[in-house]
file input_15.cif (mmCIF, N, CA and C atoms and all ligand atoms)
data_entry
#
loop_
_atom_site.label_atom_id
_atom_site.label_comp_id
_atom_site.auth_asym_id
_atom_site.auth_seq_id
_atom_site.Cartn_x
_atom_site.Cartn_y
_atom_site.Cartn_z
N MET A 1 18.18 -200.45 -61.74
CA MET A 1 19.39 -201.18 -62.10
C MET A 1 20.38 -200.26 -62.81
N ASN A 2 21.64 -200.42 -62.53
CA ASN A 2 22.65 -199.56 -63.13
C ASN A 2 22.94 -199.98 -64.56
N LYS A 3 22.92 -199.00 -65.48
CA LYS A 3 23.07 -199.31 -66.90
C LYS A 3 24.51 -199.18 -67.39
N GLN A 4 25.40 -198.80 -66.49
CA GLN A 4 26.79 -198.68 -66.93
C GLN A 4 27.36 -200.04 -67.29
N ARG A 5 28.26 -200.04 -68.26
CA ARG A 5 28.97 -201.26 -68.59
C ARG A 5 29.96 -201.59 -67.47
N LYS A 6 30.30 -202.86 -67.39
CA LYS A 6 31.26 -203.28 -66.37
C LYS A 6 32.63 -203.47 -67.00
N ARG A 7 33.65 -203.11 -66.22
CA ARG A 7 35.01 -203.37 -66.68
C ARG A 7 35.33 -204.85 -66.56
N LYS A 8 36.32 -205.27 -67.38
CA LYS A 8 36.63 -206.70 -67.46
C LYS A 8 38.07 -206.97 -67.08
N CYS A 9 38.31 -208.21 -66.69
CA CYS A 9 39.66 -208.67 -66.39
C CYS A 9 40.51 -208.59 -67.66
N PRO A 10 41.73 -208.03 -67.57
CA PRO A 10 42.58 -207.93 -68.76
C PRO A 10 43.10 -209.29 -69.25
N GLN A 11 43.00 -210.31 -68.43
CA GLN A 11 43.47 -211.65 -68.85
C GLN A 11 42.35 -212.52 -69.39
N CYS A 12 41.25 -212.66 -68.63
CA CYS A 12 40.23 -213.64 -69.05
C CYS A 12 38.92 -212.97 -69.44
N MET A 13 38.84 -211.63 -69.34
CA MET A 13 37.72 -210.86 -69.88
C MET A 13 36.38 -211.14 -69.22
N ILE A 14 36.38 -211.65 -67.98
CA ILE A 14 35.11 -211.71 -67.26
C ILE A 14 34.99 -210.46 -66.39
N SER A 15 33.78 -210.22 -65.90
CA SER A 15 33.56 -208.99 -65.14
C SER A 15 33.20 -209.27 -63.68
N ALA A 16 33.56 -210.44 -63.18
CA ALA A 16 33.27 -210.80 -61.79
C ALA A 16 34.56 -210.77 -60.98
N PHE A 17 34.53 -209.98 -59.91
CA PHE A 17 35.72 -209.81 -59.08
C PHE A 17 35.34 -209.92 -57.62
N PHE A 18 36.37 -210.04 -56.77
CA PHE A 18 36.11 -209.89 -55.34
C PHE A 18 37.18 -209.00 -54.74
N ILE A 19 36.85 -208.47 -53.58
CA ILE A 19 37.80 -207.67 -52.81
C ILE A 19 37.89 -208.29 -51.42
N LYS A 20 38.90 -207.90 -50.67
CA LYS A 20 39.15 -208.49 -49.35
C LYS A 20 39.23 -207.41 -48.29
N ASN A 21 39.05 -207.83 -47.05
CA ASN A 21 39.36 -206.93 -45.93
C ASN A 21 40.50 -207.53 -45.13
N ASP A 22 40.88 -206.85 -44.05
CA ASP A 22 42.02 -207.28 -43.26
C ASP A 22 41.80 -208.66 -42.62
N ALA A 23 40.54 -209.01 -42.39
CA ALA A 23 40.24 -210.29 -41.77
C ALA A 23 40.24 -211.44 -42.79
N GLY A 24 40.42 -211.11 -44.07
CA GLY A 24 40.43 -212.13 -45.11
C GLY A 24 39.06 -212.46 -45.66
N ASP A 25 38.04 -211.70 -45.23
CA ASP A 25 36.70 -211.90 -45.79
C ASP A 25 36.68 -211.40 -47.23
N ARG A 26 35.78 -211.97 -48.03
CA ARG A 26 35.66 -211.58 -49.43
C ARG A 26 34.28 -211.01 -49.70
N ARG A 27 34.23 -210.07 -50.63
CA ARG A 27 32.96 -209.56 -51.14
C ARG A 27 32.98 -209.66 -52.65
N LEU A 28 31.93 -210.20 -53.23
CA LEU A 28 31.82 -210.25 -54.69
C LEU A 28 31.42 -208.87 -55.19
N VAL A 29 32.14 -208.38 -56.20
CA VAL A 29 31.89 -207.02 -56.70
C VAL A 29 31.96 -206.99 -58.23
N TYR A 30 31.40 -205.89 -58.76
CA TYR A 30 31.59 -205.51 -60.14
C TYR A 30 32.32 -204.17 -60.15
N VAL A 31 33.02 -203.89 -61.24
CA VAL A 31 33.64 -202.57 -61.41
C VAL A 31 32.99 -201.92 -62.62
N LEU A 32 32.41 -200.75 -62.41
CA LEU A 32 31.72 -200.06 -63.49
C LEU A 32 32.70 -199.25 -64.33
N GLU A 33 32.19 -198.80 -65.48
CA GLU A 33 33.01 -198.02 -66.43
C GLU A 33 33.73 -196.85 -65.79
N ASP A 34 33.05 -196.17 -64.86
CA ASP A 34 33.66 -194.99 -64.24
C ASP A 34 34.64 -195.36 -63.13
N GLY A 35 34.86 -196.67 -62.93
CA GLY A 35 35.83 -197.12 -61.93
C GLY A 35 35.23 -197.38 -60.57
N SER A 36 33.94 -197.14 -60.41
CA SER A 36 33.34 -197.38 -59.11
C SER A 36 33.15 -198.88 -58.88
N ILE A 37 33.35 -199.28 -57.64
CA ILE A 37 33.26 -200.69 -57.25
C ILE A 37 31.96 -200.89 -56.50
N ILE A 38 31.12 -201.81 -56.98
CA ILE A 38 29.83 -202.03 -56.34
C ILE A 38 29.69 -203.48 -55.94
N ALA A 39 29.01 -203.71 -54.82
CA ALA A 39 28.78 -205.07 -54.34
C ALA A 39 27.82 -205.79 -55.28
N LYS A 40 28.11 -207.06 -55.59
CA LYS A 40 27.18 -207.84 -56.40
C LYS A 40 25.85 -207.98 -55.68
N TYR A 41 25.90 -208.18 -54.37
CA TYR A 41 24.69 -208.29 -53.56
C TYR A 41 24.51 -206.99 -52.80
N ALA A 42 23.46 -206.25 -53.16
CA ALA A 42 23.29 -204.89 -52.67
C ALA A 42 23.25 -204.81 -51.15
N GLU A 43 22.85 -205.90 -50.49
CA GLU A 43 22.73 -205.86 -49.03
C GLU A 43 24.08 -205.97 -48.34
N GLU A 44 25.13 -206.29 -49.09
CA GLU A 44 26.44 -206.45 -48.48
C GLU A 44 27.19 -205.12 -48.47
N SER A 45 27.68 -204.74 -47.30
CA SER A 45 28.45 -203.50 -47.18
C SER A 45 29.89 -203.74 -47.58
N LEU A 46 30.50 -202.72 -48.21
CA LEU A 46 31.92 -202.81 -48.54
C LEU A 46 32.77 -202.05 -47.52
N ASP A 47 32.16 -201.63 -46.42
CA ASP A 47 32.91 -200.90 -45.39
C ASP A 47 34.06 -201.75 -44.87
N GLY A 48 35.22 -201.16 -44.82
CA GLY A 48 36.38 -201.86 -44.27
C GLY A 48 37.10 -202.73 -45.29
N PHE A 49 36.56 -202.82 -46.50
CA PHE A 49 37.21 -203.63 -47.53
C PHE A 49 38.19 -202.78 -48.34
N ASP A 50 39.24 -203.42 -48.81
CA ASP A 50 40.29 -202.73 -49.55
C ASP A 50 39.88 -202.59 -51.02
N LEU A 51 39.54 -201.36 -51.41
CA LEU A 51 39.08 -201.11 -52.78
C LEU A 51 40.24 -200.92 -53.75
N SER A 52 41.46 -200.90 -53.25
CA SER A 52 42.60 -200.58 -54.11
C SER A 52 43.09 -201.81 -54.88
N GLU A 53 42.62 -202.99 -54.49
CA GLU A 53 43.04 -204.19 -55.20
C GLU A 53 41.83 -205.10 -55.41
N VAL A 54 41.55 -205.40 -56.69
CA VAL A 54 40.45 -206.31 -57.00
C VAL A 54 41.03 -207.62 -57.54
N PHE A 55 40.38 -208.71 -57.20
CA PHE A 55 40.82 -210.05 -57.58
C PHE A 55 39.83 -210.65 -58.55
N CYS A 56 40.33 -211.20 -59.65
CA CYS A 56 39.45 -211.82 -60.65
C CYS A 56 38.95 -213.17 -60.13
N LEU A 57 37.67 -213.46 -60.40
CA LEU A 57 37.11 -214.75 -60.01
C LEU A 57 37.48 -215.86 -60.99
N GLY A 58 37.90 -215.46 -62.20
CA GLY A 58 38.09 -216.46 -63.24
C GLY A 58 39.54 -216.88 -63.46
N CYS A 59 40.48 -216.08 -62.97
CA CYS A 59 41.89 -216.40 -63.17
C CYS A 59 42.69 -215.81 -62.02
N SER A 60 44.00 -215.79 -62.16
CA SER A 60 44.84 -215.36 -61.04
C SER A 60 45.11 -213.87 -61.04
N TRP A 61 44.48 -213.13 -61.97
CA TRP A 61 44.78 -211.71 -62.05
C TRP A 61 44.26 -210.96 -60.82
N HIS A 62 45.07 -210.02 -60.35
CA HIS A 62 44.58 -209.07 -59.36
C HIS A 62 45.38 -207.79 -59.50
N GLY A 63 44.78 -206.69 -59.07
CA GLY A 63 45.46 -205.41 -59.17
C GLY A 63 44.47 -204.28 -59.03
N SER A 64 44.96 -203.08 -59.38
CA SER A 64 44.11 -201.90 -59.28
C SER A 64 42.98 -201.96 -60.29
N GLU A 65 41.83 -201.43 -59.90
CA GLU A 65 40.69 -201.39 -60.83
C GLU A 65 41.03 -200.54 -62.06
N LYS A 66 42.04 -199.66 -61.95
CA LYS A 66 42.43 -198.82 -63.09
C LYS A 66 43.00 -199.63 -64.24
N ARG A 67 43.46 -200.84 -63.97
CA ARG A 67 44.07 -201.67 -65.00
C ARG A 67 43.07 -202.58 -65.70
N LEU A 68 41.81 -202.52 -65.29
CA LEU A 68 40.80 -203.38 -65.93
C LEU A 68 40.45 -202.83 -67.31
N LYS A 69 40.01 -203.74 -68.18
CA LYS A 69 39.57 -203.36 -69.52
C LYS A 69 38.20 -202.70 -69.46
N ARG A 70 38.04 -201.63 -70.26
CA ARG A 70 36.72 -201.00 -70.36
C ARG A 70 35.87 -201.70 -71.39
ZN ZN B 101 40.63 -212.99 -65.03
#
call {"tool": "encode", "arguments": {"input": "input_15.cif", "output": "structure tokens", "more": "lines below"}}
Ligand SMILES: [Zn+2]
result
Amino acid sequence: MNKQRKRKCPQCMISAFFIKNDAGDRRLVYVLEDGSIIAKYAEESLDGFDLSEVFCLGCSWHGSEKRLKR
């Protein structure tokens, strides 16, 4: 299991996000301290998904993972 802390939403401070692909599919992800985006469910591939914009599950915030709280 990865021991890195997860980054949080700057608005509601939860650490659960999703990303999308061109087809509108969603993948649940976490963003680690070093900025890496990992699938919540390890068996799910993030291939083809847009890593440049993450969407918060708890509020309307979305944007670059660089803007998340450490
Ligand atoms: Zn939020």
call {"tool": "residues_near_point", "arguments": {"input": "input_15.cif", "point": "(31.5, -196.9, -65.0)", "cutoff": "8 Å", "atoms": "all atoms listed in the file", "output": "NGL selection string"}}
result
:A and (3-7 or 31-37)
call {"tool": "atom_distance", "arguments": {"input": "input_15.cif", "atom1": "atom C of A:Lys8", "atom2": "atom CA of A:Ala23"}}
result
25.6 Å
call {"tool": "residues_near_point", "arguments": {"input": "input_15.cif", "point": "(37.0, -207.1, -42.6)", "cutoff": "10 Å", "atoms": "only C-alpha atoms", "output": "PyMOL selection string"}}
result
chain A and resi 20-27+46-50
call {"tool": "atom_distance", "arguments": {"input": "input_15.cif", "atom1": "atom CA of A:Tyr30", "atom2": "atom CA of A:Arg70"}}
result
12.3 Å
call {"tool": "atom_distance", "arguments": {"input": "input_15.cif", "atom1": "atom CA of A:Tyr41", "atom2": "atom CA of A:Ile19"}}
result
13.1 Å
call {"tool": "residues_near_ligand", "arguments": {"input": "input_15.cif", "ligand": "ligand ZN 101 (chain B)", "cutoff": "6.5 Å", "atoms": "all atoms listed in the file", "output": "list in words"}}
result
Cys9, Pro10, Gln11, Cys12, Met13, Ile14, Cys56, Leu57, Gly58, Cys59, Ser60 and Trp61 of chain A
call {"tool": "select_by_dssp", "arguments": {"input": "input_15.cif", "residues": "chain A", "states": "strand (DSSP E)", "output": "list of chain:residue names"}}
result
A:Phe17, A:Phe18, A:Ile19, A:Lys20, A:Arg26, A:Arg27, A:Leu28, A:Val29, A:Tyr30, A:Val31, A:Ile37, A:Ile38, A:Ala39, A:Val54, A:Phe55, A:Cys56, A:His62, A:Gly63
call {"tool": "write_last_selection", "arguments": {"input": "input_15.cif", "atoms": "N, CA and C atoms", "output": "mmCIF file, in the coordinates of the input"}}
result
data_model
loop_
_atom_site.group_PDB
_atom_site.id
_atom_site.type_symbol
_atom_site.label_atom_id
_atom_site.label_comp_id
_atom_site.auth_asym_id
_atom_site.auth_seq_id
_atom_site.Cartn_x
_atom_site.Cartn_y
_atom_site.Cartn_z
ATOM 1 N N PHE A 17 34.530 -209.980 -59.910
ATOM 2 C CA PHE A 17 35.720 -209.810 -59.080
ATOM 3 C C PHE A 17 35.340 -209.920 -57.620
ATOM 4 N N PHE A 18 36.370 -210.040 -56.770
ATOM 5 C CA PHE A 18 36.110 -209.890 -55.340
ATOM 6 C C PHE A 18 37.180 -209.000 -54.740
ATOM 7 N N ILE A 19 36.850 -208.470 -53.580
ATOM 8 C CA ILE A 19 37.800 -207.670 -52.810
ATOM 9 C C ILE A 19 37.890 -208.290 -51.420
ATOM 10 N N LYS A 20 38.900 -207.900 -50.670
ATOM 11 C CA LYS A 20 39.150 -208.490 -49.350
ATOM 12 C C LYS A 20 39.230 -207.410 -48.290
ATOM 13 N N ARG A 26 35.780 -211.970 -48.030
ATOM 14 C CA ARG A 26 35.660 -211.580 -49.430
ATOM 15 C C ARG A 26 34.280 -211.010 -49.700
ATOM 16 N N ARG A 27 34.230 -210.070 -50.630
ATOM 17 C CA ARG A 27 32.960 -209.560 -51.140
ATOM 18 C C ARG A 27 32.980 -209.660 -52.650
ATOM 19 N N LEU A 28 31.930 -210.200 -53.230
ATOM 20 C CA LEU A 28 31.820 -210.250 -54.690
ATOM 21 C C LEU A 28 31.420 -208.870 -55.190
ATOM 22 N N VAL A 29 32.140 -208.380 -56.200
ATOM 23 C CA VAL A 29 31.890 -207.020 -56.700
ATOM 24 C C VAL A 29 31.960 -206.990 -58.230
ATOM 25 N N TYR A 30 31.400 -205.890 -58.760
ATOM 26 C CA TYR A 30 31.590 -205.510 -60.140
ATOM 27 C C TYR A 30 32.320 -204.170 -60.150
ATOM 28 N N VAL A 31 33.020 -203.890 -61.240
ATOM 29 C CA VAL A 31 33.640 -202.570 -61.410
ATOM 30 C C VAL A 31 32.990 -201.920 -62.620
ATOM 31 N N ILE A 37 33.350 -199.280 -57.640
ATOM 32 C CA ILE A 37 33.260 -200.690 -57.250
ATOM 33 C C ILE A 37 31.960 -200.890 -56.500
ATOM 34 N N ILE A 38 31.120 -201.810 -56.980
ATOM 35 C CA ILE A 38 29.830 -202.030 -56.340
ATOM 36 C C ILE A 38 29.690 -203.480 -55.940
ATOM 37 N N ALA A 39 29.010 -203.710 -54.820
ATOM 38 C CA ALA A 39 28.780 -205.070 -54.340
ATOM 39 C C ALA A 39 27.820 -205.790 -55.280
ATOM 40 N N VAL A 54 41.550 -205.400 -56.690
ATOM 41 C CA VAL A 54 40.450 -206.310 -57.000
ATOM 42 C C VAL A 54 41.030 -207.620 -57.540
ATOM 43 N N PHE A 55 40.380 -208.710 -57.200
ATOM 44 C CA PHE A 55 40.820 -210.050 -57.580
ATOM 45 C C PHE A 55 39.830 -210.650 -58.550
ATOM 46 N N CYS A 56 40.330 -211.200 -59.650
ATOM 47 C CA CYS A 56 39.450 -211.820 -60.650
ATOM 48 C C CYS A 56 38.950 -213.170 -60.130
ATOM 49 N N HIS A 62 45.070 -210.020 -60.350
ATOM 50 C CA HIS A 62 44.580 -209.070 -59.360
ATOM 51 C C HIS A 62 45.380 -207.790 -59.500
ATOM 52 N N GLY A 63 44.780 -206.690 -59.070
ATOM 53 C CA GLY A 63 45.460 -205.410 -59.170
ATOM 54 C C GLY A 63 44.470 -204.280 -59.030
#
call {"tool": "closest_residue", "arguments": {"input": "input_15.cif", "among": "A:Ser15, A:Ser64, A:Lys69, A:Ala42", "to": "A:Val29", "atoms": "only N, CA and C atoms"}}
result
A:Ser15
call {"tool": "decode", "arguments": {"input": "input_15.cif", "residues": "chain A", "atoms": "C-alpha atoms", "output": "PDB file, in the first residue's frame"}}
result
ATOM      1  CA  MET A   1       0.000   0.000   0.000  1.00  0.00           C
ATOM      2  CA  ASN A   2       1.246   3.474  -0.826  1.00  0.00           C
ATOM      3  CA  LYS A   3       2.153   5.502   2.256  1.00  0.00           C
ATOM      4  CA  GLN A   4       2.174   8.907   0.608  1.00  0.00           C
ATOM      5  CA  ARG A   5      -0.358  11.423   1.802  1.00  0.00           C
ATOM      6  CA  LYS A   6      -3.111  12.388  -0.583  1.00  0.00           C
ATOM      7  CA  ARG A   7      -3.737  15.890  -1.831  1.00  0.00           C
ATOM      8  CA  LYS A   8      -7.065  17.476  -0.989  1.00  0.00           C
ATOM      9  CA  CYS A   9      -9.667  19.612  -2.691  1.00  0.00           C
ATOM     10  CA  PRO A  10      -8.964  23.317  -1.981  1.00  0.00           C
ATOM     11  CA  GLN A  11     -12.681  23.921  -1.365  1.00  0.00           C
ATOM     12  CA  CYS A  12     -14.048  20.979   0.625  1.00  0.00           C
ATOM     13  CA  MET A  13     -10.796  19.257   1.706  1.00  0.00           C
ATOM     14  CA  ILE A  14     -11.708  15.715   0.681  1.00  0.00           C
ATOM     15  CA  SER A  15      -9.242  13.565  -1.218  1.00  0.00           C
ATOM     16  CA  ALA A  16     -11.600  11.737  -3.603  1.00  0.00           C
ATOM     17  CA  PHE A  17     -11.561  12.819  -7.229  1.00  0.00           C
ATOM     18  CA  PHE A  18     -12.431  11.538 -10.658  1.00  0.00           C
ATOM     19  CA  ILE A  19     -11.048  12.094 -14.115  1.00  0.00           C
ATOM     20  CA  LYS A  20     -12.727  11.751 -17.503  1.00  0.00           C
ATOM     21  CA  ASN A  21     -11.917  10.544 -20.974  1.00  0.00           C
ATOM     22  CA  ASP A  22     -13.205  11.752 -24.335  1.00  0.00           C
ATOM     23  CA  ALA A  23     -16.121   9.313 -24.174  1.00  0.00           C
ATOM     24  CA  GLY A  24     -17.278  10.825 -20.870  1.00  0.00           C
ATOM     25  CA  ASP A  25     -16.321   7.794 -18.801  1.00  0.00           C
ATOM     26  CA  ARG A  26     -15.139   8.459 -15.250  1.00  0.00           C
ATOM     27  CA  ARG A  27     -12.418   6.900 -13.142  1.00  0.00           C
ATOM     28  CA  LEU A  28     -12.210   7.378  -9.380  1.00  0.00           C
ATOM     29  CA  VAL A  29      -8.714   8.519  -8.436  1.00  0.00           C
ATOM     30  CA  TYR A  30      -6.527   9.843  -5.655  1.00  0.00           C
ATOM     31  CA  VAL A  31      -3.771  12.416  -6.098  1.00  0.00           C
ATOM     32  CA  LEU A  32      -0.623  11.748  -4.094  1.00  0.00           C
ATOM     33  CA  GLU A  33       1.716  14.311  -2.535  1.00  0.00           C
ATOM     34  CA  ASP A  34       4.117  14.129  -5.470  1.00  0.00           C
ATOM     35  CA  GLY A  35       1.261  14.937  -7.866  1.00  0.00           C
ATOM     36  CA  SER A  36       0.857  11.460  -9.265  1.00  0.00           C
ATOM     37  CA  ILE A  37      -2.694  10.378 -10.058  1.00  0.00           C
ATOM     38  CA  ILE A  38      -3.617   6.815  -9.129  1.00  0.00           C
ATOM     39  CA  ALA A  39      -6.783   4.818  -9.709  1.00  0.00           C
ATOM     40  CA  LYS A  40      -8.810   4.105  -6.573  1.00  0.00           C
ATOM     41  CA  TYR A  41      -9.395   0.603  -7.933  1.00  0.00           C
ATOM     42  CA  ALA A  42      -6.048  -0.832  -8.981  1.00  0.00           C
ATOM     43  CA  GLU A  43      -7.607  -2.976 -11.709  1.00  0.00           C
ATOM     44  CA  GLU A  44      -8.880   0.080 -13.571  1.00  0.00           C
ATOM     45  CA  SER A  45      -6.604   1.498 -16.260  1.00  0.00           C
ATOM     46  CA  LEU A  46      -6.223   5.247 -16.652  1.00  0.00           C
ATOM     47  CA  ASP A  47      -5.154   4.887 -20.289  1.00  0.00           C
ATOM     48  CA  GLY A  48      -6.853   7.461 -22.460  1.00  0.00           C
ATOM     49  CA  PHE A  49      -8.064   9.516 -19.501  1.00  0.00           C
ATOM     50  CA  ASP A  50      -7.299  13.213 -19.202  1.00  0.00           C
ATOM     51  CA  LEU A  51      -4.909  13.630 -16.261  1.00  0.00           C
ATOM     52  CA  SER A  52      -4.703  17.407 -16.667  1.00  0.00           C
ATOM     53  CA  GLU A  53      -8.052  18.058 -15.004  1.00  0.00           C
ATOM     54  CA  VAL A  54      -9.338  16.385 -11.846  1.00  0.00           C
ATOM     55  CA  PHE A  55     -12.902  16.736 -10.577  1.00  0.00           C
ATOM     56  CA  CYS A  56     -13.802  16.731  -6.886  1.00  0.00           C
ATOM     57  CA  LEU A  57     -16.387  14.165  -5.771  1.00  0.00           C
ATOM     58  CA  GLY A  58     -17.571  16.352  -2.916  1.00  0.00           C
ATOM     59  CA  CYS A  59     -18.134  19.739  -4.547  1.00  0.00           C
ATOM     60  CA  SER A  60     -18.016  21.527  -7.876  1.00  0.00           C
ATOM     61  CA  TRP A  61     -14.276  22.132  -7.857  1.00  0.00           C
ATOM     62  CA  HIS A  62     -12.210  20.943 -10.786  1.00  0.00           C
ATOM     63  CA  GLY A  63      -8.849  21.878 -12.203  1.00  0.00           C
ATOM     64  CA  SER A  64      -5.214  20.935 -12.419  1.00  0.00           C
ATOM     65  CA  GLU A  65      -3.865  18.569  -9.780  1.00  0.00           C
ATOM     66  CA  LYS A  66      -1.221  21.267  -9.133  1.00  0.00           C
ATOM     67  CA  ARG A  67      -3.872  23.395  -7.426  1.00  0.00           C
ATOM     68  CA  LEU A  68      -4.817  20.760  -4.857  1.00  0.00           C
ATOM     69  CA  LYS A  69      -3.906  21.217  -1.196  1.00  0.00           C
ATOM     70  CA  ARG A  70      -0.998  19.173   0.123  1.00  0.00           C
TER      71      ARG A  70
END
